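**Student:** Before I ask anything, let me first share the structure, which is written out below as structure tokens.
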Amino acid sequence: MDSGIRTVLMTAPDRESGESLATDLVRERLAACANVIGGVTSVYWWGNELERTQEVLVILKTSEARVDELVERAASLHPYDVPELIVLNVETGYRPYLDWVRSETTGGEIGSKGESEHG
């Protein structure tokens with residue numbers, strides 16, 4: 001089953017960068033919302049060196065219709081030369097939440113200031 005919703009995982013070098021990227025992507029309606037999670041240790045090869053860095057993980061929720069645009073825009077804004085941008089299919093979930101994500105990224109009318117917060 002495919003809900004038409006995607007989760008995009010992206011790392012950033014620090015909280016300030018992660019929040020800035022998240023804010024821009026949500027403001028531009030490429031993502032309905034973003035979570036910035038600190039305290040992530042990344043271990044990876046870069047060039048011929050084994051690296052270990054502290055980063056933040058940004059979890060973005062978007063519609064299938066906006067995912068390519070989101071990835072392209074995130075890459076253009078990102079401070080890394082090769083940012084992590086991994087797209088995961090959301091098979092299913094709480095229908096009102098999935099409808100809200102779809103609406104917020106495709107110009108619908110579900111989200112409003114009086115509703116409970118989503119994340």
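If you're wondering about the labels, chains in the structure tokens are A, B, ... by order shown, residues count from 1 in each chain, ligands from 1 in order shown.
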So which residues of chain A fall under strand (DSSP E or B) by DSSP, listed as an MDAnalysis selection string?

**Tutor:** chainID A and resid 5:12 33:46 49:63 85:90

**Student:** Within 7 Å of stretch 52-66 of chain A, counting only C-alpha atoms, which residues qualify if same-chain residues fewer than 3 places away don't, as a count of residues only?

**Tutor:** 33

**Student:** From a DSSP calculation on the backbone, collect every residue of chain A in alpha helix (DSSP H) and output the set as an mmCIF file with N, CA and C atoms, in the first residue's frame.

**Tutor:**
```cif
data_model
loop_
_atom_site.group_PDB
_atom_site.id
_atom_site.type_symbol
_atom_site.label_atom_id
_atom_site.label_comp_id
_atom_site.auth_asym_id
_atom_site.auth_seq_id
_atom_site.Cartn_x
_atom_site.Cartn_y
_atom_site.Cartn_z
ATOM 1 N N ARG A 15 22.363 22.454 14.664
ATOM 2 C CA ARG A 15 20.949 22.798 14.863
ATOM 3 C C ARG A 15 20.555 24.034 14.058
ATOM 4 N N GLU A 16 21.396 25.050 14.049
ATOM 5 C CA GLU A 16 21.070 26.275 13.328
ATOM 6 C C GLU A 16 20.848 25.992 11.838
ATOM 7 N N SER A 17 21.739 25.235 11.225
ATOM 8 C CA SER A 17 21.590 24.876 9.805
ATOM 9 C C SER A 17 20.352 24.021 9.586
ATOM 10 N N GLY A 18 20.146 23.043 10.443
ATOM 11 C CA GLY A 18 18.994 22.156 10.315
ATOM 12 C C GLY A 18 17.679 22.903 10.415
ATOM 13 N N GLU A 19 17.587 23.815 11.394
ATOM 14 C CA GLU A 19 16.360 24.588 11.562
ATOM 15 C C GLU A 19 16.151 25.552 10.405
ATOM 16 N N SER A 20 17.228 26.133 9.906
ATOM 17 C CA SER A 20 17.120 27.047 8.770
ATOM 18 C C SER A 20 16.629 26.306 7.523
ATOM 19 N N LEU A 21 17.224 25.155 7.243
ATOM 20 C CA LEU A 21 16.784 24.348 6.104
ATOM 21 C C LEU A 21 15.323 23.939 6.265
ATOM 22 N N ALA A 22 14.970 23.452 7.448
ATOM 23 C CA ALA A 22 13.600 23.014 7.711
ATOM 24 C C ALA A 22 12.617 24.167 7.519
ATOM 25 N N THR A 23 12.951 25.329 8.048
ATOM 26 C CA THR A 23 12.070 26.491 7.937
ATOM 27 C C THR A 23 11.857 26.887 6.485
ATOM 28 N N ASP A 24 12.934 26.945 5.715
ATOM 29 C CA ASP A 24 12.809 27.308 4.300
ATOM 30 C C ASP A 24 11.940 26.307 3.542
ATOM 31 N N LEU A 25 12.149 25.019 3.774
ATOM 32 C CA LEU A 25 11.410 23.992 3.035
ATOM 33 C C LEU A 25 9.936 23.962 3.414
ATOM 34 N N VAL A 26 9.635 24.204 4.685
ATOM 35 C CA VAL A 26 8.234 24.264 5.113
ATOM 36 C C VAL A 26 7.602 25.563 4.616
ATOM 37 N N ARG A 27 8.301 26.675 4.736
ATOM 38 C CA ARG A 27 7.783 27.968 4.272
ATOM 39 C C ARG A 27 7.425 27.905 2.783
ATOM 40 N N VAL A 67 8.000 15.671 -3.756
ATOM 41 C CA VAL A 67 9.246 15.102 -3.253
ATOM 42 C C VAL A 67 10.453 15.449 -4.126
ATOM 43 N N ASP A 68 10.329 15.383 -5.435
ATOM 44 C CA ASP A 68 11.474 15.700 -6.300
ATOM 45 C C ASP A 68 11.894 17.156 -6.145
ATOM 46 N N GLU A 69 10.915 18.026 -6.079
ATOM 47 C CA GLU A 69 11.181 19.454 -5.895
ATOM 48 C C GLU A 69 11.839 19.720 -4.533
ATOM 49 N N LEU A 70 11.351 19.031 -3.500
ATOM 50 C CA LEU A 70 11.921 19.182 -2.167
ATOM 51 C C LEU A 70 13.388 18.756 -2.167
ATOM 52 N N VAL A 71 13.696 17.608 -2.733
ATOM 53 C CA VAL A 71 15.072 17.107 -2.748
ATOM 54 C C VAL A 71 15.980 18.078 -3.501
ATOM 55 N N GLU A 72 15.531 18.542 -4.640
ATOM 56 C CA GLU A 72 16.337 19.482 -5.436
ATOM 57 C C GLU A 72 16.581 20.785 -4.676
ATOM 58 N N ARG A 73 15.538 21.317 -4.062
ATOM 59 C CA ARG A 73 15.670 22.591 -3.327
ATOM 60 C C ARG A 73 16.547 22.403 -2.084
ATOM 61 N N ALA A 74 16.346 21.319 -1.356
ATOM 62 C CA ALA A 74 17.159 21.061 -0.161
ATOM 63 C C ALA A 74 18.635 20.964 -0.535
ATOM 64 N N ALA A 75 18.933 20.276 -1.621
ATOM 65 C CA ALA A 75 20.324 20.148 -2.060
ATOM 66 C C ALA A 75 20.914 21.504 -2.424
ATOM 67 N N SER A 76 20.115 22.377 -3.026
ATOM 68 C CA SER A 76 20.620 23.698 -3.421
ATOM 69 C C SER A 76 20.856 24.610 -2.220
ATOM 70 N N LEU A 77 20.105 24.422 -1.144
ATOM 71 C CA LEU A 77 20.249 25.244 0.067
ATOM 72 C C LEU A 77 21.298 24.705 1.030
ATOM 73 N N ARG A 95 -4.991 8.527 8.917
ATOM 74 C CA ARG A 95 -5.505 9.179 7.720
ATOM 75 C C ARG A 95 -5.617 10.702 7.848
ATOM 76 N N PRO A 96 -6.146 11.258 8.940
ATOM 77 C CA PRO A 96 -6.213 12.724 9.021
ATOM 78 C C PRO A 96 -4.829 13.388 8.941
ATOM 79 N N TYR A 97 -3.814 12.755 9.514
ATOM 80 C CA TYR A 97 -2.455 13.312 9.424
ATOM 81 C C TYR A 97 -1.941 13.247 7.995
ATOM 82 N N LEU A 98 -2.117 12.106 7.350
ATOM 83 C CA LEU A 98 -1.665 11.952 5.965
ATOM 84 C C LEU A 98 -2.387 12.947 5.056
ATOM 85 N N ASP A 99 -3.684 13.141 5.283
ATOM 86 C CA ASP A 99 -4.445 14.124 4.508
ATOM 87 C C ASP A 99 -3.909 15.529 4.746
ATOM 88 N N TRP A 100 -3.527 15.825 6.004
ATOM 89 C CA TRP A 100 -2.969 17.147 6.336
ATOM 90 C C TRP A 100 -1.651 17.368 5.602
ATOM 91 N N VAL A 101 -0.760 16.377 5.607
ATOM 92 C CA VAL A 101 0.522 16.508 4.897
ATOM 93 C C VAL A 101 0.258 16.774 3.415
ATOM 94 N N ARG A 102 -0.623 16.006 2.830
ATOM 95 C CA ARG A 102 -0.946 16.163 1.412
ATOM 96 C C ARG A 102 -1.498 17.562 1.147
ATOM 97 N N SER A 103 -2.400 17.995 1.996
ATOM 98 C CA SER A 103 -3.024 19.305 1.822
ATOM 99 C C SER A 103 -2.013 20.442 1.938
ATOM 100 N N GLU A 104 -1.135 20.361 2.927
ATOM 101 C CA GLU A 104 -0.168 21.435 3.157
ATOM 102 C C GLU A 104 0.873 21.548 2.048
ATOM 103 N N THR A 105 1.072 20.478 1.297
ATOM 104 C CA THR A 105 2.085 20.508 0.243
ATOM 105 C C THR A 105 1.479 20.562 -1.158
ATOM 106 N N THR A 106 0.151 20.594 -1.236
ATOM 107 C CA THR A 106 -0.490 20.684 -2.546
ATOM 108 C C THR A 106 -1.546 21.774 -2.606
#
```

**Student:** What separation in Å, quoted to one decimal, exists between atom CA of A:Gly107 and atom CA of A:Glu84?

**Tutor:** 27.2 Å

**Student:** So, counting only C-alpha atoms, which residue among A:Leu50, A:His78, A:Trp45, A:Ser3 is closest to A:Glu91?

**Tutor:**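 Closest residue, counting only C-alpha atoms: A:Ser3.
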
**Student:** For a test of reading the model, state the distance in Å between atom CA of A:Ile86 and atom CA of A:Glu28, rounded to one decimal.

**Tutor:**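 Interatomic distance here is 19.4 Å.
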